[in-house]
file upload-v9.pdb (PDB, C-alpha atoms)
ATOM      1  CA  MET A   1     -11.317  21.033  14.896
ATOM      2  CA  THR A   2      -7.996  22.497  15.935
ATOM      3  CA  ILE A   3      -4.929  20.784  14.504
ATOM      4  CA  THR A   4      -1.988  20.886  16.862
ATOM      5  CA  PRO A   5       0.705  18.376  17.766
ATOM      6  CA  GLY A   6      -0.932  15.653  19.792
ATOM      7  CA  SER A   7      -4.314  15.938  18.045
ATOM      8  CA  GLU A   8      -5.811  12.483  17.489
ATOM      9  CA  LEU A   9      -7.650  11.464  14.313
ATOM     10  CA  PRO A  10     -11.016   9.704  14.512
ATOM     11  CA  THR A  11     -10.222   5.989  14.360
ATOM     12  CA  LEU A  12     -11.510   3.442  11.840
ATOM     13  CA  GLN A  13     -11.983  -0.221  12.687
ATOM     14  CA  TRP A  14     -12.223  -3.554  10.893
ATOM     15  CA  GLN A  15     -12.527  -7.193  11.965
ATOM     16  CA  PRO A  16     -10.778  -8.787   8.987
ATOM     17  CA  GLY A  17     -11.048 -12.378   7.925
ATOM     18  CA  PHE A  18     -11.550 -14.346   4.753
ATOM     19  CA  HIS A  19     -14.545 -12.204   3.765
ATOM     20  CA  HIS A  20     -12.238  -9.188   3.621
ATOM     21  CA  TRP A  21      -9.144 -10.924   2.279
ATOM     22  CA  ASN A  22     -11.034 -12.643  -0.511
ATOM     23  CA  ARG A  23     -12.559  -9.349  -1.625
ATOM     24  CA  TYR A  24      -9.179  -7.674  -1.614
ATOM     25  CA  ALA A  25      -7.557 -10.586  -3.427
ATOM     26  CA  ALA A  26     -10.269 -10.269  -6.070
ATOM     27  CA  VAL A  27      -9.539  -6.604  -6.829
ATOM     28  CA  ASN A  28      -5.758  -6.777  -6.434
ATOM     29  CA  ASP A  29      -5.225 -10.243  -7.970
ATOM     30  CA  GLU A  30      -3.474 -11.260  -4.755
ATOM     31  CA  PHE A  31      -4.331 -14.927  -4.390
ATOM     32  CA  VAL A  32      -1.393 -16.034  -2.274
ATOM     33  CA  PRO A  33      -1.705 -19.200  -0.170
ATOM     34  CA  ILE A  34      -0.776 -17.448   3.106
ATOM     35  CA  HIS A  35      -3.866 -15.239   2.632
ATOM     36  CA  MET A  36      -6.187 -18.071   1.620
ATOM     37  CA  ASP A  37      -5.219 -21.164   3.571
ATOM     38  CA  ASP A  38      -4.697 -21.615   7.318
ATOM     39  CA  GLU A  39      -2.198 -24.417   6.706
ATOM     40  CA  ALA A  40      -0.101 -22.103   4.538
ATOM     41  CA  GLY A  41      -0.283 -19.405   7.218
ATOM     42  CA  ARG A  42       0.912 -21.860   9.867
ATOM     43  CA  ALA A  43       3.697 -23.088   7.593
ATOM     44  CA  ALA A  44       4.867 -19.468   7.349
ATOM     45  CA  GLY A  45       5.109 -19.270  11.135
ATOM     46  CA  TYR A  46       1.772 -17.746  12.123
ATOM     47  CA  GLY A  47      -1.371 -19.055  13.782
ATOM     48  CA  SER A  48      -3.603 -18.968  10.721
ATOM     49  CA  ALA A  49      -3.916 -17.456   7.283
ATOM     50  CA  PHE A  50      -3.403 -13.703   7.482
ATOM     51  CA  GLY A  51      -4.346 -10.539   5.637
ATOM     52  CA  MET A  52      -2.352  -8.713   3.008
ATOM     53  CA  GLY A  53       0.138  -6.011   3.923
ATOM     54  CA  ASN A  54      -1.406  -4.030   1.091
ATOM     55  CA  LEU A  55      -4.752  -4.141   2.878
ATOM     56  CA  GLN A  56      -3.232  -2.714   6.071
ATOM     57  CA  TRP A  57      -1.741  -0.033   3.832
ATOM     58  CA  ALA A  58      -5.199   0.634   2.453
ATOM     59  CA  TYR A  59      -6.600   0.923   5.995
ATOM     60  CA  LEU A  60      -4.091   3.673   6.809
ATOM     61  CA  HIS A  61      -5.081   5.518   3.639
ATOM     62  CA  SER A  62      -8.755   5.139   4.499
ATOM     63  CA  LEU A  63      -8.035   6.726   7.874
ATOM     64  CA  LEU A  64      -6.169   9.652   6.330
ATOM     65  CA  GLU A  65      -8.557  10.273   3.435
ATOM     66  CA  SER A  66     -11.558  10.108   5.752
ATOM     67  CA  TRP A  67      -9.969  12.704   8.004
ATOM     68  CA  VAL A  68      -8.753  15.065   5.296
ATOM     69  CA  GLY A  69     -11.908  14.782   3.185
ATOM     70  CA  ASP A  70     -12.269  17.646   0.717
ATOM     71  CA  ARG A  71     -10.223  20.014   2.875
ATOM     72  CA  GLY A  72      -6.825  18.943   1.627
ATOM     73  CA  ARG A  73      -4.705  16.128   0.248
ATOM     74  CA  VAL A  74      -2.458  13.313   1.405
ATOM     75  CA  VAL A  75       1.074  13.807   0.068
ATOM     76  CA  LYS A  76       3.158  11.135   1.768
ATOM     77  CA  VAL A  77       2.590   7.864   3.634
ATOM     78  CA  ALA A  78       5.085   5.313   4.916
ATOM     79  CA  CYS A  79       4.684   2.273   7.116
ATOM     80  CA  GLN A  80       6.325  -0.933   8.186
ATOM     81  CA  PHE A  81       4.475  -4.239   8.228
ATOM     82  CA  ARG A  82       5.569  -5.600  11.603
ATOM     83  CA  SER A  83       2.783  -7.994  12.418
ATOM     84  CA  PRO A  84       0.225  -9.598  10.154
ATOM     85  CA  THR A  85      -3.523  -9.662  10.726
ATOM     86  CA  THR A  86      -4.341 -13.205  11.658
ATOM     87  CA  LYS A  87      -7.889 -14.412  12.229
ATOM     88  CA  GLY A  88      -9.854 -13.036  15.175
ATOM     89  CA  LEU A  89      -8.099  -9.686  15.438
ATOM     90  CA  THR A  90      -9.911  -6.368  15.513
ATOM     91  CA  VAL A  91      -7.830  -3.864  13.564
ATOM     92  CA  THR A  92      -8.044  -0.173  14.422
ATOM     93  CA  ALA A  93      -6.373   2.538  12.351
ATOM     94  CA  HIS A  94      -5.025   5.472  14.357
ATOM     95  CA  GLY A  95      -3.366   8.792  13.635
ATOM     96  CA  ARG A  96      -1.810  11.510  15.769
ATOM     97  CA  VAL A  97      -0.463  14.889  14.665
ATOM     98  CA  THR A  98       3.260  15.265  15.374
ATOM     99  CA  ALA A  99       4.013  18.643  13.766
ATOM    100  CA  THR A 100       2.420  21.450  11.757
ATOM    101  CA  ARG A 101       3.912  24.159   9.557
ATOM    102  CA  GLU A 102       2.644  26.765   7.138
ATOM    103  CA  HIS A 103       4.050  26.985   3.627
ATOM    104  CA  ASP A 104       2.736  29.177   0.796
ATOM    105  CA  GLY A 105      -0.599  29.645   2.522
ATOM    106  CA  GLU A 106      -1.086  25.928   3.129
ATOM    107  CA  LEU A 107      -0.995  23.995   6.370
ATOM    108  CA  TRP A 108       1.340  20.981   6.251
ATOM    109  CA  VAL A 109       0.652  18.397   8.919
ATOM    110  CA  ASP A 110       2.954  15.522   9.863
ATOM    111  CA  LEU A 111       1.407  12.535  11.559
ATOM    112  CA  GLU A 112       2.214   9.283  13.243
ATOM    113  CA  VAL A 113      -0.145   6.618  11.895
ATOM    114  CA  TRP A 114      -0.578   3.005  12.808
ATOM    115  CA  THR A 115      -2.893   0.058  13.025
ATOM    116  CA  ASP A 116      -3.170  -2.037  16.148
ATOM    117  CA  ASP A 117      -5.171  -5.001  17.404
ATOM    118  CA  GLN A 118      -7.452  -5.343  20.414
ATOM    119  CA  HIS A 119      -4.445  -6.386  22.516
ATOM    120  CA  GLY A 120      -2.633  -3.123  21.791
ATOM    121  CA  ASN A 121      -0.060  -4.652  19.429
ATOM    122  CA  LYS A 122       1.024  -2.168  16.769
ATOM    123  CA  MET A 123       0.965  -3.919  13.402
ATOM    124  CA  THR A 124       1.817  -1.181  10.910
ATOM    125  CA  PRO A 125       3.584   1.800  12.486
ATOM    126  CA  GLY A 126       4.140   4.600  10.044
ATOM    127  CA  THR A 127       4.176   8.289   9.236
ATOM    128  CA  ALA A 128       2.216  10.557   6.924
ATOM    129  CA  THR A 129       2.071  14.126   5.697
ATOM    130  CA  VAL A 130      -1.130  15.831   4.645
ATOM    131  CA  VAL A 131      -1.708  19.354   3.340
ATOM    132  CA  PHE A 132      -4.726  21.514   3.993
ATOM    133  CA  GLY A 133      -5.324  24.086   1.311
ATOM    134  CA  ALA A 134      -6.565  26.904   3.494
ATOM    135  CA  VAL A 135      -4.911  28.031   6.671
ATOM    136  CA  ALA A 136      -7.619  29.460   8.873
ATOM    137  CA  GLY A 137      -5.593  31.519  11.314
ATOM    138  CA  SER A 138      -2.658  30.634  13.477
ATOM    139  CA  GLU A 139      -4.637  28.177  15.582
ATOM    140  CA  HIS A 140      -5.049  25.906  12.507
ATOM    141  CA  ASP A 141      -8.782  25.811  13.042
ATOM    142  CA  LEU A 142     -10.308  23.738  10.263
ATOM    143  CA  ALA A 143     -13.944  23.001   9.835
ATOM    144  CA  GLY A 144     -14.787  19.353  10.205
TER     145      GLY A 144
ATOM    146  CA  MET B   1      22.302 -19.643  -0.332
ATOM    147  CA  PRO B   2      25.474 -18.009  -1.724
ATOM    148  CA  ASP B   3      27.485 -18.520   1.462
ATOM    149  CA  GLU B   4      26.815 -19.226   5.119
ATOM    150  CA  GLN B   5      26.786 -15.584   6.305
ATOM    151  CA  THR B   6      24.729 -13.859   3.689
ATOM    152  CA  HIS B   7      21.885 -14.319   1.257
ATOM    153  CA  ILE B   8      23.319 -11.578  -0.998
ATOM    154  CA  SER B   9      25.478 -12.921  -3.813
ATOM    155  CA  ASP B  10      27.934 -10.877  -5.892
ATOM    156  CA  ALA B  11      25.508 -11.089  -8.809
ATOM    157  CA  MET B  12      22.722  -9.674  -6.637
ATOM    158  CA  ARG B  13      24.911  -6.780  -5.478
ATOM    159  CA  ALA B  14      25.848  -6.032  -9.083
ATOM    160  CA  ALA B  15      22.178  -5.935 -10.102
ATOM    161  CA  VAL B  16      21.265  -3.041  -7.788
ATOM    162  CA  GLY B  17      19.976  -0.129  -9.857
ATOM    163  CA  GLN B  18      18.752  -2.230 -12.769
ATOM    164  CA  GLU B  19      15.240  -1.827 -14.162
ATOM    165  CA  LEU B  20      12.931  -4.598 -13.009
ATOM    166  CA  ALA B  21       9.840  -3.859 -15.010
ATOM    167  CA  SER B  22       8.036  -1.333 -17.149
ATOM    168  CA  ARG B  23       4.263  -1.625 -17.288
ATOM    169  CA  VAL B  24       1.396   0.265 -18.856
ATOM    170  CA  SER B  25      -2.111  -0.162 -17.487
ATOM    171  CA  TYR B  26      -5.336  -0.440 -19.379
ATOM    172  CA  PRO B  27      -7.473   2.679 -18.952
ATOM    173  CA  VAL B  28      -8.770   2.851 -15.396
ATOM    174  CA  THR B  29     -12.552   2.446 -15.254
ATOM    175  CA  ASP B  30     -15.096   3.681 -12.754
ATOM    176  CA  SER B  31     -15.983   0.045 -11.997
ATOM    177  CA  ASP B  32     -12.351  -0.747 -11.164
ATOM    178  CA  ILE B  33     -12.354   2.126  -8.693
ATOM    179  CA  ARG B  34     -15.743   1.287  -7.202
ATOM    180  CA  ARG B  35     -14.894  -2.374  -6.630
ATOM    181  CA  TRP B  36     -11.534  -1.495  -5.084
ATOM    182  CA  ALA B  37     -13.124   0.939  -2.646
ATOM    183  CA  ILE B  38     -15.888  -1.518  -1.710
ATOM    184  CA  ALA B  39     -13.339  -4.277  -1.053
ATOM    185  CA  VAL B  40     -11.154  -2.085   1.149
ATOM    186  CA  HIS B  41     -13.988  -0.568   3.173
ATOM    187  CA  TYR B  42     -16.032  -3.762   3.508
ATOM    188  CA  PRO B  43     -18.378  -4.106   5.370
ATOM    189  CA  GLN B  44     -18.766  -0.304   5.562
ATOM    190  CA  ARG B  45     -19.894   1.785   2.589
ATOM    191  CA  PRO B  46     -16.900   3.465   0.945
ATOM    192  CA  PRO B  47     -16.655   7.279   0.744
ATOM    193  CA  ALA B  48     -18.800   8.745  -2.028
ATOM    194  CA  LEU B  49     -15.953  10.369  -3.974
ATOM    195  CA  TYR B  50     -15.018   6.842  -5.184
ATOM    196  CA  TRP B  51     -18.446   6.036  -6.665
ATOM    197  CA  ASP B  52     -20.659   9.154  -6.875
ATOM    198  CA  GLU B  53     -19.771  11.690  -9.584
ATOM    199  CA  GLU B  54     -21.752  14.490  -8.027
ATOM    200  CA  ALA B  55     -20.316  13.951  -4.558
ATOM    201  CA  ALA B  56     -16.807  13.847  -6.012
ATOM    202  CA  ARG B  57     -17.381  17.137  -7.846
ATOM    203  CA  ASP B  58     -18.767  18.689  -4.676
ATOM    204  CA  ALA B  59     -15.509  17.634  -3.014
ATOM    205  CA  GLY B  60     -13.540  19.630  -5.576
ATOM    206  CA  HIS B  61     -12.613  16.870  -8.032
ATOM    207  CA  LYS B  62     -13.460  16.647 -11.743
ATOM    208  CA  GLY B  63     -15.452  13.500 -11.000
ATOM    209  CA  ILE B  64     -14.817  10.293  -9.100
ATOM    210  CA  VAL B  65     -11.212   9.610  -8.172
ATOM    211  CA  ALA B  66      -9.417   6.404  -7.268
ATOM    212  CA  PRO B  67      -8.299   5.707  -3.715
ATOM    213  CA  LEU B  68      -4.627   6.638  -3.345
ATOM    214  CA  ASP B  69      -3.784   2.967  -2.742
ATOM    215  CA  PHE B  70      -5.576   1.827  -5.932
ATOM    216  CA  ASN B  71      -3.585  -0.567  -8.159
ATOM    217  CA  PRO B  72      -4.349  -0.230 -11.898
ATOM    218  CA  PHE B  73      -1.978  -3.086 -12.773
ATOM    219  CA  ALA B  74      -3.902  -5.941 -11.140
ATOM    220  CA  TRP B  75      -4.926  -8.902 -13.279
ATOM    221  CA  LEU B  76      -3.494  -7.838 -16.635
ATOM    222  CA  THR B  77      -1.593  -4.909 -18.055
ATOM    223  CA  LYS B  78      -1.804  -3.399 -21.528
ATOM    224  CA  GLU B  79       1.973  -3.685 -21.737
ATOM    225  CA  PRO B  80       3.536  -6.189 -21.501
ATOM    226  CA  GLY B  81       0.103  -7.857 -21.397
ATOM    227  CA  TYR B  82       0.093 -11.630 -21.534
ATOM    228  CA  ALA B  83       3.728 -11.542 -22.566
ATOM    229  CA  GLY B  84       4.368 -10.588 -18.953
ATOM    230  CA  ALA B  85       1.617 -12.687 -17.393
ATOM    231  CA  ASP B  86       2.690 -15.778 -19.296
ATOM    232  CA  ASP B  87       6.394 -15.568 -18.605
ATOM    233  CA  ASP B  88       7.968 -18.548 -16.931
ATOM    234  CA  LEU B  89       8.197 -16.766 -13.593
ATOM    235  CA  ASP B  90       5.760 -17.561 -10.814
ATOM    236  CA  ALA B  91       4.386 -14.286  -9.394
ATOM    237  CA  ASN B  92       4.648 -15.782  -5.900
ATOM    238  CA  ASP B  93       8.170 -17.169  -6.320
ATOM    239  CA  PRO B  94      10.337 -15.570  -3.593
ATOM    240  CA  ASP B  95      13.198 -15.460  -6.117
ATOM    241  CA  ARG B  96      11.141 -13.624  -8.732
ATOM    242  CA  THR B  97      13.094 -10.359  -8.312
ATOM    243  CA  GLU B  98      16.402 -11.988  -9.186
ATOM    244  CA  LYS B  99      14.970 -14.274 -11.858
ATOM    245  CA  THR B 100      13.478 -11.206 -13.549
ATOM    246  CA  LEU B 101      17.021  -9.830 -13.757
ATOM    247  CA  GLY B 102      18.386 -13.126 -15.073
ATOM    248  CA  ILE B 103      20.377 -14.020 -11.984
ATOM    249  CA  ALA B 104      20.032 -16.668  -9.295
ATOM    250  CA  GLY B 105      18.035 -15.746  -6.199
ATOM    251  CA  PRO B 106      18.817 -16.742  -2.610
ATOM    252  CA  GLY B 107      16.282 -19.577  -2.670
ATOM    253  CA  LEU B 108      14.433 -18.527   0.460
ATOM    254  CA  LYS B 109      11.066 -20.105   1.128
ATOM    255  CA  PHE B 110       8.855 -17.294   2.428
ATOM    256  CA  GLN B 111       8.286 -13.646   1.556
ATOM    257  CA  LEU B 112       6.399 -10.799   3.204
ATOM    258  CA  ASN B 113       5.783  -7.166   2.400
ATOM    259  CA  GLY B 114       8.091  -5.425   4.899
ATOM    260  CA  GLY B 115       7.082  -1.821   4.375
ATOM    261  CA  MET B 116       6.200   0.918   1.927
ATOM    262  CA  SER B 117       6.857   4.610   1.492
ATOM    263  CA  VAL B 118       4.986   6.661  -1.090
ATOM    264  CA  GLU B 119       4.946  10.288  -2.197
ATOM    265  CA  TYR B 120       1.762  11.204  -4.053
ATOM    266  CA  GLY B 121       1.278  13.491  -7.020
ATOM    267  CA  VAL B 122      -1.907  13.814  -9.071
ATOM    268  CA  ARG B 123      -4.953  11.594  -8.445
ATOM    269  CA  MET B 124      -5.881   8.638 -10.646
ATOM    270  CA  ARG B 125      -9.244   9.015 -12.372
ATOM    271  CA  PRO B 126     -11.381   6.981 -14.790
ATOM    272  CA  GLY B 127      -9.767   6.989 -18.236
ATOM    273  CA  ASP B 128      -6.228   7.363 -16.934
ATOM    274  CA  VAL B 129      -3.523   5.144 -18.404
ATOM    275  CA  ILE B 130      -0.774   4.623 -15.846
ATOM    276  CA  THR B 131       2.850   3.744 -16.622
ATOM    277  CA  SER B 132       5.064   2.173 -13.982
ATOM    278  CA  VAL B 133       8.836   1.848 -14.126
ATOM    279  CA  SER B 134      10.463  -0.043 -11.251
ATOM    280  CA  ARG B 135      14.087  -0.589 -10.306
ATOM    281  CA  LEU B 136      15.931  -2.690  -7.759
ATOM    282  CA  ALA B 137      17.103  -0.170  -5.164
ATOM    283  CA  GLY B 138      19.126  -2.385  -2.821
ATOM    284  CA  TYR B 139      19.501  -5.258  -0.386
ATOM    285  CA  THR B 140      20.016  -5.407   3.375
ATOM    286  CA  GLU B 141      19.915  -8.237   5.910
ATOM    287  CA  ARG B 142      19.188  -8.679   9.589
ATOM    288  CA  ASN B 143      18.681 -11.500  12.038
ATOM    289  CA  GLY B 144      15.091 -11.978  13.153
ATOM    290  CA  ARG B 145      12.861 -14.443  14.935
ATOM    291  CA  LEU B 146      12.796 -16.568  11.819
ATOM    292  CA  GLY B 147      16.555 -16.505  11.106
ATOM    293  CA  LEU B 148      18.671 -14.384   8.769
ATOM    294  CA  MET B 149      16.174 -12.293   6.820
ATOM    295  CA  LEU B 150      16.803 -10.641   3.468
ATOM    296  CA  MET B 151      15.261  -7.235   2.727
ATOM    297  CA  SER B 152      15.158  -6.072  -0.888
ATOM    298  CA  THR B 153      13.861  -2.626  -1.833
ATOM    299  CA  THR B 154      12.347  -1.644  -5.154
ATOM    300  CA  GLU B 155      11.585   1.876  -6.341
ATOM    301  CA  ASP B 156       8.586   2.391  -8.582
ATOM    302  CA  THR B 157       7.470   5.602 -10.317
ATOM    303  CA  TRP B 158       3.967   5.915 -11.774
ATOM    304  CA  THR B 159       2.993   8.530 -14.329
ATOM    305  CA  ASN B 160      -0.274   9.147 -16.154
ATOM    306  CA  GLN B 161      -0.916   9.656 -19.878
ATOM    307  CA  ARG B 162       0.018  13.339 -19.531
ATOM    308  CA  GLY B 163       3.370  12.490 -17.972
ATOM    309  CA  GLU B 164       2.256  13.737 -14.560
ATOM    310  CA  VAL B 165       3.694  11.868 -11.590
ATOM    311  CA  VAL B 166       1.004   9.887  -9.783
ATOM    312  CA  LYS B 167       3.305   8.492  -7.144
ATOM    313  CA  LYS B 168       6.833   7.457  -6.287
ATOM    314  CA  GLN B 169       7.010   4.452  -4.041
ATOM    315  CA  GLN B 170       9.557   2.289  -2.301
ATOM    316  CA  VAL B 171       8.597  -1.238  -1.264
ATOM    317  CA  THR B 172      10.656  -3.509   0.946
ATOM    318  CA  LEU B 173      10.253  -7.260   0.499
ATOM    319  CA  ILE B 174      11.287  -9.470   3.417
ATOM    320  CA  ARG B 175      12.382 -12.996   2.636
ATOM    321  CA  TYR B 176      13.312 -15.746   5.078
TER     322      TYR B 176
END
call {"tool": "encode", "arguments": {"input": "upload-v9.pdb", "output": "structure tokens"}}
result
Amino acid sequence: MTITPGSELPTLQWQPGFHHWNRYAAVNDEFVPIHMDDEAGRAAGYGSAFGMGNLQWAYLHSLLESWVGDRGRVVKVACQFRSPTTKGLTVTAHGRVTATREHDGELWVDLEVWTDDQHGNKMTPGTATVVFGAVAGSEHDLAG
Amino acid sequence: MPDEQTHISDAMRAAVGQELASRVSYPVTDSDIRRWAIAVHYPQRPPALYWDEEAARDAGHKGIVAPLDFNPFAWLTKEPGYAGADDDLDANDPDRTEKTLGIAGPGLKFQLNGGMSVEYGVRMRPGDVITSVSRLAGYTERNGRLGLMLMSTTEDTWTNQRGEVVKKQQVTLIRY
């Protein structure tokens, strides 16, 4: 794989609903009515109950950690929660390389990351920086 | 609401910079990590470095590691423990930030996580005891689809039992 600006990461996809939100609530102690009750979701201005922002955050990390694997490390992630995951949406996590630079023998890679739904609506636009420990030549050719 | 143009009272402005909370986790366990990873990746199988010691070592770690987004403070903390869990403040109260600081909140009805920014240090592993110190970083406002919305930002630094920085994060809470 060659890492250059414009390179796309392999996507990850979920179809979240109560099965996902309940599991996440159980590990993060996040039992909030808007994530558990359609009436509460509608009262908050949305069409149904909706998933946690923290879970979208976790999806972006899953994308990055799956891509980096044992070749490097994630050093920075930021995102905005613009649109919640209501029922019936398919959520896809995306990443695209925006810049690369070498520093002390490591390859630093800046990325645009986001999740979107099947209608193309971006829900959590963000940025990330990952570092690969070995720079394999100027073409940033990394196995994997 | 303090006045008709803003949700931000003088007391709220004066509170910016104050410490909101200091927490110490119980030791992180491999089960905590495994369950977290399974919940996030459901219905797919999570990556092996979160549940398989040998695979994690093959990946260059000392053993299994926690996902970067893992929260060791869920359910109950070692400090303040039930003294924190049993305080009079509702965890889901939109005014919790201000009430924690002993001031009146804006009294808004709904709250959402508006965004996060995190810089990562060392990984969390089984046995780690994590300390978190958070501060109120500031308030801003803007008009949105649902009216005048209040954004409050908190800064939170996590360190492990060796004093190594695990992460520094900023979280923006949107209230409306």
call {"tool": "resolve_selection", "arguments": {"input": "upload-v9.pdb", "expression": "the ChimeraX specification (/A :<7) & /B", "output": "list in words"}}
result
Arg35, Trp36, Ala39, Val40, Tyr42, Ala59, Gly60, Asp69, Asn71, Ala74, Trp75, Phe110, Asn113, Gly114, Gly115, Met116, Ser117, Val118, Glu119 and Tyr120 of chain B
call {"tool": "resolve_selection", "arguments": {"input": "upload-v9.pdb", "expression": "the PyMOL selection byres ((chain B and resi 124) around 12)", "output": "PyMOL selection string"}}
result
chain B and resi 25+27-30+32-33+50+61-72+120-123+125-131+158-162+164-167
call {"tool": "write_last_selection", "arguments": {"input": "upload-v9.pdb", "atoms": "C-alpha atoms", "output": "PDB file, in the coordinates of the input"}}
result
ATOM      1  CA  SER B  25      -2.111  -0.162 -17.487  1.00  0.00           C
ATOM      2  CA  PRO B  27      -7.473   2.679 -18.952  1.00  0.00           C
ATOM      3  CA  VAL B  28      -8.770   2.851 -15.396  1.00  0.00           C
ATOM      4  CA  THR B  29     -12.552   2.446 -15.254  1.00  0.00           C
ATOM      5  CA  ASP B  30     -15.096   3.681 -12.754  1.00  0.00           C
ATOM      6  CA  ASP B  32     -12.351  -0.747 -11.164  1.00  0.00           C
ATOM      7  CA  ILE B  33     -12.354   2.126  -8.693  1.00  0.00           C
ATOM      8  CA  TYR B  50     -15.018   6.842  -5.184  1.00  0.00           C
ATOM      9  CA  HIS B  61     -12.613  16.870  -8.032  1.00  0.00           C
ATOM     10  CA  LYS B  62     -13.460  16.647 -11.743  1.00  0.00           C
ATOM     11  CA  GLY B  63     -15.452  13.500 -11.000  1.00  0.00           C
ATOM     12  CA  ILE B  64     -14.817  10.293  -9.100  1.00  0.00           C
ATOM     13  CA  VAL B  65     -11.212   9.610  -8.172  1.00  0.00           C
ATOM     14  CA  ALA B  66      -9.417   6.404  -7.268  1.00  0.00           C
ATOM     15  CA  PRO B  67      -8.299   5.707  -3.715  1.00  0.00           C
ATOM     16  CA  LEU B  68      -4.627   6.638  -3.345  1.00  0.00           C
ATOM     17  CA  ASP B  69      -3.784   2.967  -2.742  1.00  0.00           C
ATOM     18  CA  PHE B  70      -5.576   1.827  -5.932  1.00  0.00           C
ATOM     19  CA  ASN B  71      -3.585  -0.567  -8.159  1.00  0.00           C
ATOM     20  CA  PRO B  72      -4.349  -0.230 -11.898  1.00  0.00           C
ATOM     21  CA  TYR B 120       1.762  11.204  -4.053  1.00  0.00           C
ATOM     22  CA  GLY B 121       1.278  13.491  -7.020  1.00  0.00           C
ATOM     23  CA  VAL B 122      -1.907  13.814  -9.071  1.00  0.00           C
ATOM     24  CA  ARG B 123      -4.953  11.594  -8.445  1.00  0.00           C
ATOM     25  CA  ARG B 125      -9.244   9.015 -12.372  1.00  0.00           C
ATOM     26  CA  PRO B 126     -11.381   6.981 -14.790  1.00  0.00           C
ATOM     27  CA  GLY B 127      -9.767   6.989 -18.236  1.00  0.00           C
ATOM     28  CA  ASP B 128      -6.228   7.363 -16.934  1.00  0.00           C
ATOM     29  CA  VAL B 129      -3.523   5.144 -18.404  1.00  0.00           C
ATOM     30  CA  ILE B 130      -0.774   4.623 -15.846  1.00  0.00           C
ATOM     31  CA  THR B 131       2.850   3.744 -16.622  1.00  0.00           C
ATOM     32  CA  TRP B 158       3.967   5.915 -11.774  1.00  0.00           C
ATOM     33  CA  THR B 159       2.993   8.530 -14.329  1.00  0.00           C
ATOM     34  CA  ASN B 160      -0.274   9.147 -16.154  1.00  0.00           C
ATOM     35  CA  GLN B 161      -0.916   9.656 -19.878  1.00  0.00           C
ATOM     36  CA  ARG B 162       0.018  13.339 -19.531  1.00  0.00           C
ATOM     37  CA  GLU B 164       2.256  13.737 -14.560  1.00  0.00           C
ATOM     38  CA  VAL B 165       3.694  11.868 -11.590  1.00  0.00           C
ATOM     39  CA  VAL B 166       1.004   9.887  -9.783  1.00  0.00           C
ATOM     40  CA  LYS B 167       3.305   8.492  -7.144  1.00  0.00           C
TER      41      LYS B 167
END
call {"tool": "atom_distance", "arguments": {"input": "upload-v9.pdb", "atom1": "CA of Leu64 (chain A)", "atom2": "CA of Pro47 (chain B)"}}
result
12.1 Å
call {"tool": "atom_distance", "arguments": {"input": "upload-v9.pdb", "atom1": "CA of Lys168 (chain B)", "atom2": "CA of Lys109 (chain B)"}}
result
28.9 Å
call {"tool": "atom_distance", "arguments": {"input": "upload-v9.pdb", "atom1": "CA of Ala37 (chain B)", "atom2": "CA of Leu112 (chain B)"}}
result
23.5 Å
call {"tool": "residues_around", "arguments": {"input": "upload-v9.pdb", "residues": "region 109-119 of chain A", "least_positions_apart": "3", "cutoff": "6 Å", "atoms": "all atoms listed in the file", "output": "number ranges by chain"}}
result
A: 89-100, 122-130
call {"tool": "resolve_selection", "arguments": {"input": "upload-v9.pdb", "expression": "the PyMOL selection byres ((chain B and resi 97) around 10)", "output": "list in words"}}
result
Met12, Leu20, Ala21, Leu89, Ala91, Asp93, Pro94, Asp95, Arg96, Glu98, Lys99, Thr100, Leu101, Gly102, Ile103, Ala104, Gly105, Leu136, Ser152, Thr154 and Leu173 of chain B
call {"tool": "write_last_selection", "arguments": {"input": "upload-v9.pdb", "atoms": "C-alpha atoms", "output": "PDB file, keeping the file's coordinate frame"}}
result
ATOM      1  CA  MET B  12      22.722  -9.674  -6.637  1.00  0.00           C
ATOM      2  CA  LEU B  20      12.931  -4.598 -13.009  1.00  0.00           C
ATOM      3  CA  ALA B  21       9.840  -3.859 -15.010  1.00  0.00           C
ATOM      4  CA  LEU B  89       8.197 -16.766 -13.593  1.00  0.00           C
ATOM      5  CA  ALA B  91       4.386 -14.286  -9.394  1.00  0.00           C
ATOM      6  CA  ASP B  93       8.170 -17.169  -6.320  1.00  0.00           C
ATOM      7  CA  PRO B  94      10.337 -15.570  -3.593  1.00  0.00           C
ATOM      8  CA  ASP B  95      13.198 -15.460  -6.117  1.00  0.00           C
ATOM      9  CA  ARG B  96      11.141 -13.624  -8.732  1.00  0.00           C
ATOM     10  CA  GLU B  98      16.402 -11.988  -9.186  1.00  0.00           C
ATOM     11  CA  LYS B  99      14.970 -14.274 -11.858  1.00  0.00           C
ATOM     12  CA  THR B 100      13.478 -11.206 -13.549  1.00  0.00           C
ATOM     13  CA  LEU B 101      17.021  -9.830 -13.757  1.00  0.00           C
ATOM     14  CA  GLY B 102      18.386 -13.126 -15.073  1.00  0.00           C
ATOM     15  CA  ILE B 103      20.377 -14.020 -11.984  1.00  0.00           C
ATOM     16  CA  ALA B 104      20.032 -16.668  -9.295  1.00  0.00           C
ATOM     17  CA  GLY B 105      18.035 -15.746  -6.199  1.00  0.00           C
ATOM     18  CA  LEU B 136      15.931  -2.690  -7.759  1.00  0.00           C
ATOM     19  CA  SER B 152      15.158  -6.072  -0.888  1.00  0.00           C
ATOM     20  CA  THR B 154      12.347  -1.644  -5.154  1.00  0.00           C
ATOM     21  CA  LEU B 173      10.253  -7.260   0.499  1.00  0.00           C
TER      22      LEU B 173
END
call {"tool": "closest_residue", "arguments": {"input": "upload-v9.pdb", "among": "A:Leu63, A:Val68, A:Lys87, A:Glu106", "to": "Met36 (chain A)", "atoms": "all atoms listed in the file"}}
result
A:Lys87
